[in-house]
Amino acid sequence: MTHKNPQTREWQTLSNDHHLAPFSDFKQLKEKGPRIITHAKGVYLWDSEGNQILDGMAGLWCVAIGYGRDELAEAASKQMRELPYYNLFFQTAHPPVLELSKAIAEVAPEGMNHVFFTGSGSEGNDTMLRMVRHYWAIKGQPNKKTIISRVNGYHGSTVAGASLGGMTYMHEQGDLPIPGIVHIPQPYWFGEGGDMSPEEFGIWAANQLEEKILELGVDNVGAFIAEPIQGAGGVIIPPDSYWPRIKEILAKYDILFVADEVICGFGRTGEWFGSDFYDLKPDMMTIAKGLTSGYIPMGGLIVRDEVVAVLNEGGDFNHGFTYSGHPVAAAVALENIRIMREEKIIQRAHEKAAPYLQKRLRELSDHPLVGEVRGVGLLGAIELVKDKATRARYEGRGVGMICRQFCFDNGLIMRAVGDTMIIAPPLVISEAEIDELVTKARKCLDLTLSVLEG
């Protein structure tokens with residue numbers, strides 16, 4: 001491939017010679033060379049060749065308030081000059097992490113007033129696993145160790161995070177999942193609902209939780225973890241019947257519920273948290289991504305007061321990270337939350353951007369390749385099918401990857417999960433930018449269909 005900018009080839013050579021990229025086929029990437037992203041503003045990225053790209057995935061679901069907010073850079077700079085680092089071990093704290101803890105408690109669901117900070121969502125879920133087991137041991141029930149999760153859920157890429165997740169292709173590398181983690185079916189009606197109505201399928205999927213609890217024995221189950229809406233699994237939005245039934249089951253058997261809010265948290269559903277959208281009332285919530293709008297790494301675990309009351313009786317919790325509550329990350333997160341609140345970014349997304357995005361996206365339902373369009377807030381999924389009536393796929397054709405490449409080549413980032421195209425643009429996306437997103441998406445669907453029919 002010829003490049004307009006000679007630096008592009010130089011950077012690609014550096015990639016080939018020194019860099020191992022996440023979730024990549026190293027050999028394939030070396031042959032092709034990565035696209036080099038050089039700068040960004042608002043909802044747009046630019047690559048080293050000067051191409052402007054509408055970022056329909058907000059980075060990796062995280063750039064909530066858009067690119068180029070100087071306030072976040074200034075918050076980081078000020079904090080670096082004042083206190084660039086100190087740890088939270090040895091009965092020590094610092095103002096940014098304490099102020100951030102309070103700010104998170106103010107926007108979290110009622111009764112969730114304490115935060116354990118980590119460097120990422122993956123670390124947050126590792127923390128959750130250890131905290132759940134510590135909690136039950138304090139209560140004199142040390143056998144309540146098993147965590148129930150869902151097939152095709154995503155909870156990170158560490159050993160515990162990947163085990164909690166239900167991605168089989170991840171489990172195949174590294175002898176995962178680790179013991180003490182089991183999975184139940186996901187509430188994916190379009191892909192797995194068969195002849196059941198969405199309502200029937202939602203009840204069936206929820207009832208798999210009760211069956212698994214009874215199979216394992218309630219005295220052995222510590223918690224159930226789930227994303228309010230599965231993100232990396234393909235924006236799987238549960239049928240309306242699903243969450244009410246799940247809540248009944250958890251209450252019946254007195255099992256902790258962990259909402260993985262790494263993607264849904266901080267406005268993605270049009271509410272502060274997915275747990276607010278579905279009225280879930282979890283015992284713990286994993287957070288990351290939108291916490292800092294992706295400007296700097298940070299994650300955490302928000303914990304319900306009743307759980308904290310038990311932990312207070314358990315002596316040392318022998319867990320933590322060098323960068324737990326890093327002061328610079330805390331300062332950036334605090335400024336990010338301030339901007340979200342003062343500029344009413346989530347409220348505006350709820351009232352304007354989200355309804356408009358969902359309306360415009362659903363116009364793609366008439367496309368011959370589209371079997372379903374679904375979405376909530378600023379999340380969306382487009383199912384690519386061969387037959388709309390039967391929901392049959394183009395087996396073995398890699399339709400999603402074909403469409404993703406056309407998006408890439410036509411100034412739009414839209415992610416493929418199998419043959420499902422997904423989007424999650426920044427919360428600040430305008431109606432004109434949504435129009436551009438949908439227009440480009442339709443063009444790429446047309447180009448994909450032309451390849452399939454060619």
# chains A, B, ... in the order shown; residues from 1 in each chain; ligands from 1

$ residues_around --residues "Glu71 in chain A" --least-positions-apart "4" --cutoff "12 Å" --atoms "only C-alpha atoms" --output "list of chain:residue names"
A:Ile65, A:Gly66, A:Tyr67, A:Ala75, A:Ala76, A:Ser77, A:Lys78, A:Thr292, A:Tyr295, A:Ala331, A:Val332, A:Ala333, A:Leu334, A:Glu335, A:Asn336, A:Ile337, A:Arg338, A:Ile339

$ write_last_selection --atoms "C-alpha atoms" --output "mmCIF file, in the first residue's frame"
data_model
loop_
_atom_site.group_PDB
_atom_site.id
_atom_site.type_symbol
_atom_site.label_atom_id
_atom_site.label_comp_id
_atom_site.auth_asym_id
_atom_site.auth_seq_id
_atom_site.Cartn_x
_atom_site.Cartn_y
_atom_site.Cartn_z
ATOM 1 C CA ILE A 65 -17.657 13.440 26.762
ATOM 2 C CA GLY A 66 -15.786 13.369 23.451
ATOM 3 C CA TYR A 67 -12.184 13.950 22.484
ATOM 4 C CA ALA A 75 -6.815 18.536 35.789
ATOM 5 C CA ALA A 76 -4.128 15.919 35.120
ATOM 6 C CA SER A 77 -1.401 18.563 34.735
ATOM 7 C CA LYS A 78 -2.343 20.380 37.942
ATOM 8 C CA THR A 292 -12.595 9.096 33.094
ATOM 9 C CA TYR A 295 -8.586 9.878 29.095
ATOM 10 C CA ALA A 331 -8.393 14.161 39.487
ATOM 11 C CA VAL A 332 -9.311 13.436 35.858
ATOM 12 C CA ALA A 333 -12.308 11.303 36.876
ATOM 13 C CA LEU A 334 -13.491 14.015 39.276
ATOM 14 C CA GLU A 335 -13.318 16.646 36.522
ATOM 15 C CA ASN A 336 -15.039 14.280 34.071
ATOM 16 C CA ILE A 337 -17.952 13.757 36.485
ATOM 17 C CA ARG A 338 -18.119 17.517 37.154
ATOM 18 C CA ILE A 339 -18.432 18.197 33.411
#

$ select_by_dssp --residues "range 126-222 of chain A" --states "helix (DSSP H, G or I)" --output "PyMOL selection string"
chain A and resi 126-138+159-164+168-171+189-192+198-216+218-220

$ closest_residue --among "A:Thr118, A:Ser430, A:Asn207, A:Ser157" --to "Val97 in chain A" --atoms "only C-alpha atoms"
A:Thr118

$ atom_distance --atom1 "CA of Ala58 in chain A" --atom2 "CA of Ala424 in chain A"
6.1 Å

$ residues_around --residues "Gly270 in chain A" --least-positions-apart "6" --cutoff "7 Å" --atoms "only C-alpha atoms" --output "count of residues only"
5

$ atom_distance --atom1 "CA of Arg35 in chain A" --atom2 "CA of Gly174 in chain A"
29.0 Å

$ closest_residue --among "A:Val308, A:Ala108, A:Ala137, A:Leu427" --to "Phe273 in chain A" --atoms "only C-alpha atoms"
A:Ala108

$ closest_residue --among "A:Ser324, A:Gly294, A:Glu227, A:Gly314" --to "Tyr278 in chain A" --atoms "only C-alpha atoms"
A:Glu227

$ closest_residue --among "A:Thr8, A:Asn143, A:Asn318, A:Gln358" --to "Met131 in chain A" --atoms "only C-alpha atoms"
A:Asn318

$ atom_distance --atom1 "CA of Ala160 in chain A" --atom2 "CA of Ala205 in chain A"
24.0 Å

$ closest_residue --among "A:Met421, A:Met285, A:Val132, A:Ile236" --to "Leu301 in chain A" --atoms "only C-alpha atoms"
A:Met285
